[in-house]
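J.: Dumping the structure here so I can ask a few things about it.
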Amino acid sequence: MLTIVADNRKVVSMASASVTPAAAGGRGVVTRFAPSPTGFLHIGGARTALFNWLFARHHGGKYLLRIEDTDRARSTEPAIAAIFDGLEWLGLMGDEPATFQFARSDRHAEVAHRLLASGHAYRCYLTQEELAARREAAQAERRPFRIHSEWRDADPATLPQDRPFVVRIKAPRDGETTIDDRVQGAITVSNAELDDFILLRSDGTPTYMLAVVVDDHDMGVTHVIRGDDHINNAFRQLLIIRAMDAVEGGWPDPVYGHVPLIHGADGAKLSKRHGALGVDAYRDEMGILPEALFNYLLRLGWGHGDDEIIGRDQAVEWFDIAHVGKGAARFDMAKLLNLNGHYLREADDARLAALVAPRMAGETDPDLLTRAMPVLKVRARDLNELAAGAAFLFAKRPLAIDPKAEALLSEEARALLARIHDRIAGSHEWTLEALETVLKGMAEELGLGLGKLAQPLRAALTGQTTSPGIFDVLVLLGRDESLARIAAQATGKVQV
RNA sequence: GGCCCCUUCGUCUAGAGGCCUAGGACGCGGCCCUUUCACGGCUGAAACACGGGUUCGAUUCCCGUAGGGGUCACCA
């Protein structure tokens, strides 16, 4: 993972040095997923990535990745690795090596200076203290605070030479701006609501607002699909885009699609309290399959008629951003588990065996695990349940007997086990059919239901009250192990 | 608080003026299958936030109300 990061860095610095805007003029669709590496890839981010990926694939376009690491204090290398790891797992890596935003600071500053030179931006010498004081004053008078810098229209000749300044955009003060959002529909904001936000900080570094716009432009991004917490930013970013378009042309408005955030079960924004975990937790701790999370996330906030089970290819064919719901959807673990159970049953047995083995205590046999999978996977919803269900296969004698199973092993039951032991020990074939014939015949002879034999058998063989079918268990365990486990619980048997 | 957005069963959703007696899925209840647990099948309860319009006719269009969410940094 770290080598990939290093490679990406190299590619980026070359790209930023040559400054070759891909000119978003017309042609193919280009989307992007742009997380800031301040933590793991959370479920909401994964869904945003998914929608970008699907939209691009559906339209035969390109899907790119950009790491927004301009916040040097909060961005970390492990977070970058975790995000790539999560995307990789879900099959949502970009079509090209990721772009790293911080590496492109010079290009961002260059754009700010063009805006400055063309009069679309200005140097503002207001200090943070002055701003804070004005903000407080506005608060005290209970009126909304808008930055009105006296430097906006200052005579360039009178500008201080040795004081720090920030570069602010000159936002229009009248009129209104409408965004035709592909998810939300038309959204209109009065320009008076937008104030002169900062492009370049006093230390010369670009702000997020500037960096996003410049990077999207240079990467040729045509469709900006992201969380709807960015709606307000879209209007500000459009200001920069239109200013640059006026300055040098070739800066078309992107198409926006602001998808709703995912909420917790209580309807509030998903937070750690709700289990807003990284996708790695769904994989490692909860034992979720990537195709299940993919399907779940897709159906969360989007639907296609009555269809519930939707695979990758089908999703690409059907995905339509206009059908993404406008309201926030709540995360429902029960439904995810149900879907996971479905994909578990569909999954390849050897693959499942490999996924389950590390979750089991002690030694396991991949071959036996694989052979047991068909009867094991139908009764599990996640890999942990699958591992628990497989435990009996590798348990060492003497078997730990679960209290509920113990209750099944009465005196009569133990006596019965002795008879079963002798009877099946004499069976020359150890197959599903042969064992079934023998045991059913025996039950009939004794005038008992098969359950009377099967239940104590299950307890003796697995130490539990639930397991795959009893004949499956016998065959999986094999003749020697089965007879030994039965003998251990039967009365009057010499334990091997 | 200002601004922006949202609102169909508990949850995810279908629905784009008559197809709606509002459909599907998860979850929940019942039945069947069955040696247990599952899987599977059948089945039941369960929703158009409220109030006004527009219309011959509104879940669907418009306006209010209520509720919810987002956003208001030299963070991203």
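Following the order of the structure tokens, first chain is A, next is B, and so on, with residues numbered from 1 inside each chain and ligands from 1 in the order they appear.
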When you get a sec, could you note down which chain B residues fall within 12 Å of chain A, using only C-alpha atoms (C1' of nucleotides), as an MDAnalysis selection string?
T.: chainID B and resid 1:7 10:16 23:27 34:40 67:76
J.: Please provide the set of residues having any atom within 7 Å of segment 45-60 of chain B, restricted to only C-alpha atoms (C1' of nucleotides), with same-chain residues fewer than 6 positions apart removed, written as a PyMOL selection string.
T.: chain B and resi 8-9+16-18
J.: Apply DSSP to the structure's backbone, then extract all residues of segment 107-350 of chain A labelled strand (DSSP E) and return them as a ChimeraX atom specification.
T.: /A:121-124,166-169,176-181,185-190,198-200,223-227,255-259,262-263,329-330
J.: Write out, as a short mmCIF file (atom, residue, chain, number, x, y, z; two decimals), in the first residue's frame, the residues just selected, with N, CA, C and O atoms.
T.:
```cif
data_model
loop_
_atom_site.label_atom_id
_atom_site.label_comp_id
_atom_site.auth_asym_id
_atom_site.auth_seq_id
_atom_site.Cartn_x
_atom_site.Cartn_y
_atom_site.Cartn_z
N ALA A 121 -10.29 38.93 -7.45
CA ALA A 121 -9.97 38.68 -6.05
C ALA A 121 -9.16 39.86 -5.54
O ALA A 121 -8.71 40.70 -6.32
N TYR A 122 -8.97 39.94 -4.23
CA TYR A 122 -8.22 41.08 -3.68
C TYR A 122 -7.47 40.67 -2.43
O TYR A 122 -7.78 39.65 -1.81
N ARG A 123 -6.48 41.49 -2.10
CA ARG A 123 -5.72 41.25 -0.88
C ARG A 123 -6.46 41.87 0.29
O ARG A 123 -6.84 43.05 0.23
N CYS A 124 -6.65 41.08 1.32
CA CYS A 124 -7.38 41.59 2.49
C CYS A 124 -6.47 41.54 3.69
O CYS A 124 -5.90 40.48 4.01
N VAL A 166 -4.57 37.95 3.27
CA VAL A 166 -5.15 36.77 2.65
C VAL A 166 -5.71 37.22 1.31
O VAL A 166 -5.92 38.42 1.09
N VAL A 167 -5.92 36.29 0.40
CA VAL A 167 -6.54 36.64 -0.87
C VAL A 167 -7.99 36.19 -0.81
O VAL A 167 -8.28 35.03 -0.54
N ARG A 168 -8.88 37.15 -1.00
CA ARG A 168 -10.32 36.84 -0.97
C ARG A 168 -10.92 37.01 -2.34
O ARG A 168 -10.49 37.84 -3.14
N ILE A 169 -11.95 36.21 -2.61
CA ILE A 169 -12.67 36.35 -3.87
C ILE A 169 -13.61 37.55 -3.75
O ILE A 169 -14.09 37.86 -2.66
N GLU A 176 -28.86 36.27 -8.04
CA GLU A 176 -28.92 34.97 -7.40
C GLU A 176 -28.32 33.92 -8.31
O GLU A 176 -28.15 34.14 -9.51
N THR A 177 -27.98 32.79 -7.72
CA THR A 177 -27.37 31.72 -8.49
C THR A 177 -28.20 30.45 -8.32
O THR A 177 -28.62 30.13 -7.21
N THR A 178 -28.43 29.76 -9.42
CA THR A 178 -29.20 28.52 -9.37
C THR A 178 -28.34 27.36 -9.85
O THR A 178 -27.66 27.47 -10.86
N ILE A 179 -28.37 26.30 -9.09
CA ILE A 179 -27.69 25.08 -9.50
C ILE A 179 -28.75 24.07 -9.87
O ILE A 179 -29.71 23.87 -9.13
N ASP A 180 -28.57 23.45 -11.03
CA ASP A 180 -29.51 22.42 -11.44
C ASP A 180 -28.92 21.09 -11.01
O ASP A 180 -28.21 20.44 -11.75
N ASP A 181 -29.19 20.74 -9.77
CA ASP A 181 -28.59 19.55 -9.18
C ASP A 181 -29.26 18.28 -9.67
O ASP A 181 -30.49 18.18 -9.67
N GLY A 185 -32.44 18.61 -7.64
CA GLY A 185 -33.26 19.49 -8.47
C GLY A 185 -32.68 20.90 -8.44
O GLY A 185 -31.51 21.08 -8.10
N ALA A 186 -33.48 21.88 -8.78
CA ALA A 186 -32.97 23.26 -8.81
C ALA A 186 -32.82 23.82 -7.40
O ALA A 186 -33.73 23.71 -6.59
N ILE A 187 -31.68 24.40 -7.13
CA ILE A 187 -31.44 25.03 -5.84
C ILE A 187 -30.99 26.45 -6.11
O ILE A 187 -30.03 26.68 -6.85
N THR A 188 -31.67 27.39 -5.51
CA THR A 188 -31.34 28.78 -5.76
C THR A 188 -30.90 29.47 -4.48
O THR A 188 -31.52 29.31 -3.44
N VAL A 189 -29.82 30.22 -4.58
CA VAL A 189 -29.35 30.97 -3.43
C VAL A 189 -29.09 32.41 -3.87
O VAL A 189 -28.57 32.66 -4.97
N SER A 190 -29.50 33.32 -3.03
CA SER A 190 -29.26 34.73 -3.31
C SER A 190 -27.78 35.03 -3.10
O SER A 190 -27.18 34.61 -2.12
N ILE A 198 -12.04 33.13 1.60
CA ILE A 198 -10.60 33.16 1.37
C ILE A 198 -10.14 32.13 0.34
O ILE A 198 -10.60 30.98 0.36
N LEU A 199 -9.26 32.54 -0.52
CA LEU A 199 -8.68 31.67 -1.54
C LEU A 199 -7.29 31.21 -1.09
O LEU A 199 -6.94 30.04 -1.17
N LEU A 200 -6.52 32.20 -0.62
CA LEU A 200 -5.16 31.93 -0.17
C LEU A 200 -5.01 32.45 1.25
O LEU A 200 -5.35 33.60 1.54
N HIS A 223 -18.61 15.73 -13.68
CA HIS A 223 -19.74 15.53 -12.78
C HIS A 223 -19.25 15.41 -11.35
O HIS A 223 -18.49 14.51 -11.03
N VAL A 224 -19.69 16.35 -10.53
CA VAL A 224 -19.28 16.35 -9.14
C VAL A 224 -20.38 15.71 -8.31
O VAL A 224 -21.44 16.30 -8.09
N ILE A 225 -20.13 14.48 -7.89
CA ILE A 225 -21.12 13.75 -7.07
C ILE A 225 -20.53 13.62 -5.68
O ILE A 225 -19.45 13.04 -5.51
N ARG A 226 -21.19 14.17 -4.70
CA ARG A 226 -20.65 14.17 -3.34
C ARG A 226 -21.77 14.31 -2.33
O ARG A 226 -22.93 14.40 -2.70
N GLY A 227 -21.45 14.31 -1.05
CA GLY A 227 -22.45 14.42 0.01
C GLY A 227 -23.16 15.77 -0.04
O GLY A 227 -22.56 16.77 -0.45
N VAL A 255 -21.43 19.48 -13.65
CA VAL A 255 -22.78 19.08 -13.29
C VAL A 255 -22.69 18.58 -11.85
O VAL A 255 -21.80 17.81 -11.52
N TYR A 256 -23.60 19.06 -11.01
CA TYR A 256 -23.55 18.64 -9.61
C TYR A 256 -24.60 17.59 -9.29
O TYR A 256 -25.68 17.58 -9.87
N GLY A 257 -24.25 16.72 -8.35
CA GLY A 257 -25.22 15.75 -7.84
C GLY A 257 -24.91 15.58 -6.36
O GLY A 257 -23.92 14.95 -6.00
N HIS A 258 -25.71 16.19 -5.52
CA HIS A 258 -25.46 16.12 -4.08
C HIS A 258 -26.32 15.06 -3.43
O HIS A 258 -27.53 15.23 -3.29
N VAL A 259 -25.69 13.95 -3.07
CA VAL A 259 -26.44 12.84 -2.50
C VAL A 259 -26.59 13.01 -0.99
O VAL A 259 -25.67 13.50 -0.33
N ILE A 262 -25.89 9.60 5.03
CA ILE A 262 -26.50 8.43 5.67
C ILE A 262 -26.70 8.76 7.15
O ILE A 262 -25.82 9.33 7.78
N HIS A 263 -27.86 8.42 7.65
CA HIS A 263 -28.14 8.66 9.06
C HIS A 263 -28.13 7.37 9.87
O HIS A 263 -28.28 6.28 9.32
N ALA A 329 -31.10 8.53 4.25
CA ALA A 329 -31.53 7.17 4.57
C ALA A 329 -30.87 6.71 5.86
O ALA A 329 -29.77 7.12 6.18
N ARG A 330 -31.59 5.89 6.59
CA ARG A 330 -31.02 5.38 7.84
C ARG A 330 -30.33 4.04 7.62
O ARG A 330 -30.84 3.20 6.90
#
```
J.: For the atom pair atom CA of Arg182 of chain A and atom CA of Ala322 of chain A, what is the interatomic distance in Å to one decimal place?
T.: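 These two atoms are separated by 5.8 Å.
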J.: Quick one, how far is atom CA of Ile321 of chain A from atom CA of Ala234 of chain A?
T.: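 Atom-to-atom, atom CA of Ile321 of chain A and atom CA of Ala234 of chain A are spaced 17.8 Å apart.
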J.: From a DSSP calculation on the backbone, collect every residue of segment 270-487 of chain A in alpha helix (DSSP H) and output the set as number ranges by chain.
T.: A: 279-284, 290-299, 312-318, 333-346, 349-356, 366-376, 383-394, 403-408, 411-425, 432-446, 450-462, 470-477, 479-487
J.: Between A:Leu369, A:Asp196, A:Leu210, A:Ala81, which has the minimum distance to Trp151 of chain A (counting only C-alpha atoms)?
T.: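 So, comparing all the options, the nearest one is A:Asp196.
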J.: If we count only C-alpha atoms (C1' of nucleotides), what is near Val316 of chain A at a cut-off of 9 Å, once residues fewer than 3 positions away on the same chain are taken out, given as a list in words?
T.: Trp53, Leu54, Phe55, Ala56, Arg57, His58, His59, Gly311, Arg312, Asp313, Phe319 and Asp320 of chain A
J.: Keeping all heavy atoms, export the residues of the selection given above as a compact mmCIF listing (two decimals), in the first residue's frame.
T.:
```txt
# COMPACT_ATOMS: atom_id res chain seq x y z
N TRP A 53 -18.46 5.89 -8.97
CA TRP A 53 -17.97 4.77 -9.78
C TRP A 53 -19.06 4.30 -10.74
O TRP A 53 -18.84 4.13 -11.94
CB TRP A 53 -17.54 3.64 -8.85
CG TRP A 53 -16.96 2.43 -9.53
CD1 TRP A 53 -15.66 2.24 -9.89
CD2 TRP A 53 -17.66 1.24 -9.93
NE1 TRP A 53 -15.51 1.01 -10.49
CE2 TRP A 53 -16.72 0.38 -10.52
CE3 TRP A 53 -18.99 0.83 -9.83
CZ2 TRP A 53 -17.06 -0.88 -11.02
CZ3 TRP A 53 -19.34 -0.43 -10.33
CH2 TRP A 53 -18.38 -1.27 -10.92
N LEU A 54 -20.26 4.11 -10.18
CA LEU A 54 -21.38 3.63 -10.99
C LEU A 54 -21.75 4.61 -12.10
O LEU A 54 -22.01 4.21 -13.23
CB LEU A 54 -22.60 3.39 -10.10
CG LEU A 54 -22.59 2.13 -9.25
CD1 LEU A 54 -23.75 2.16 -8.26
CD2 LEU A 54 -22.66 0.88 -10.12
N PHE A 55 -21.77 5.87 -11.74
CA PHE A 55 -22.15 6.88 -12.73
C PHE A 55 -21.16 6.87 -13.89
O PHE A 55 -21.56 6.89 -15.06
CB PHE A 55 -22.20 8.27 -12.08
CG PHE A 55 -22.75 9.32 -13.00
CD1 PHE A 55 -24.12 9.48 -13.16
CD2 PHE A 55 -21.89 10.14 -13.73
CE1 PHE A 55 -24.63 10.43 -14.02
CE2 PHE A 55 -22.40 11.10 -14.60
CZ PHE A 55 -23.77 11.24 -14.74
N ALA A 56 -19.88 6.83 -13.56
CA ALA A 56 -18.86 6.82 -14.59
C ALA A 56 -18.96 5.56 -15.45
O ALA A 56 -18.96 5.62 -16.68
CB ALA A 56 -17.47 6.91 -13.97
N ARG A 57 -19.08 4.40 -14.80
CA ARG A 57 -19.18 3.15 -15.54
C ARG A 57 -20.42 3.13 -16.44
O ARG A 57 -20.37 2.70 -17.58
CB ARG A 57 -19.27 1.97 -14.57
CG ARG A 57 -17.97 1.60 -13.92
CD ARG A 57 -17.00 0.95 -14.91
NE ARG A 57 -15.69 0.72 -14.29
CZ ARG A 57 -14.78 1.66 -14.11
NH1 ARG A 57 -15.02 2.90 -14.53
NH2 ARG A 57 -13.63 1.40 -13.53
N HIS A 58 -21.52 3.57 -15.88
CA HIS A 58 -22.77 3.57 -16.64
C HIS A 58 -22.65 4.38 -17.93
O HIS A 58 -23.21 4.02 -18.95
CB HIS A 58 -23.91 4.11 -15.78
CG HIS A 58 -25.24 4.15 -16.48
ND1 HIS A 58 -26.03 3.03 -16.63
CD2 HIS A 58 -25.90 5.15 -17.12
CE1 HIS A 58 -27.12 3.34 -17.31
NE2 HIS A 58 -27.06 4.63 -17.62
N HIS A 59 -21.91 5.48 -17.83
CA HIS A 59 -21.79 6.36 -19.00
C HIS A 59 -20.50 6.11 -19.77
O HIS A 59 -20.14 6.90 -20.63
CB HIS A 59 -21.84 7.82 -18.55
CG HIS A 59 -23.20 8.21 -18.04
ND1 HIS A 59 -24.26 8.48 -18.88
CD2 HIS A 59 -23.68 8.35 -16.78
CE1 HIS A 59 -25.33 8.77 -18.15
NE2 HIS A 59 -25.01 8.69 -16.88
N GLY A 311 -26.28 -7.17 -8.52
CA GLY A 311 -24.84 -7.36 -8.61
C GLY A 311 -24.18 -6.21 -9.34
O GLY A 311 -24.84 -5.29 -9.82
N ARG A 312 -22.85 -6.28 -9.40
CA ARG A 312 -22.07 -5.23 -10.02
C ARG A 312 -22.51 -4.84 -11.43
O ARG A 312 -22.77 -3.68 -11.72
CB ARG A 312 -20.62 -5.69 -10.13
CG ARG A 312 -19.80 -5.10 -9.07
CD ARG A 312 -18.38 -5.61 -9.09
NE ARG A 312 -17.82 -4.95 -7.95
CZ ARG A 312 -17.02 -3.90 -8.02
NH1 ARG A 312 -16.61 -3.43 -9.15
NH2 ARG A 312 -16.62 -3.30 -6.92
N ASP A 313 -22.54 -5.83 -12.31
CA ASP A 313 -22.85 -5.54 -13.71
C ASP A 313 -24.25 -4.97 -13.87
O ASP A 313 -24.47 -4.04 -14.62
CB ASP A 313 -22.70 -6.82 -14.56
CG ASP A 313 -21.26 -7.30 -14.59
OD1 ASP A 313 -20.37 -6.52 -14.19
OD2 ASP A 313 -21.02 -8.44 -15.01
N PHE A 319 -27.88 1.85 -12.94
CA PHE A 319 -27.71 3.05 -12.11
C PHE A 319 -28.08 4.35 -12.82
O PHE A 319 -27.71 4.60 -13.96
CB PHE A 319 -26.28 3.18 -11.59
CG PHE A 319 -26.13 4.31 -10.60
CD1 PHE A 319 -26.67 4.20 -9.33
CD2 PHE A 319 -25.51 5.50 -10.97
CE1 PHE A 319 -26.59 5.24 -8.43
CE2 PHE A 319 -25.43 6.55 -10.07
CZ PHE A 319 -25.96 6.42 -8.80
N ASP A 320 -28.80 5.14 -12.09
CA ASP A 320 -29.34 6.36 -12.65
C ASP A 320 -29.37 7.37 -11.51
O ASP A 320 -30.12 7.20 -10.55
CB ASP A 320 -30.74 6.04 -13.16
CG ASP A 320 -31.54 7.28 -13.47
OD1 ASP A 320 -30.92 8.36 -13.57
OD2 ASP A 320 -32.77 7.18 -13.59
```
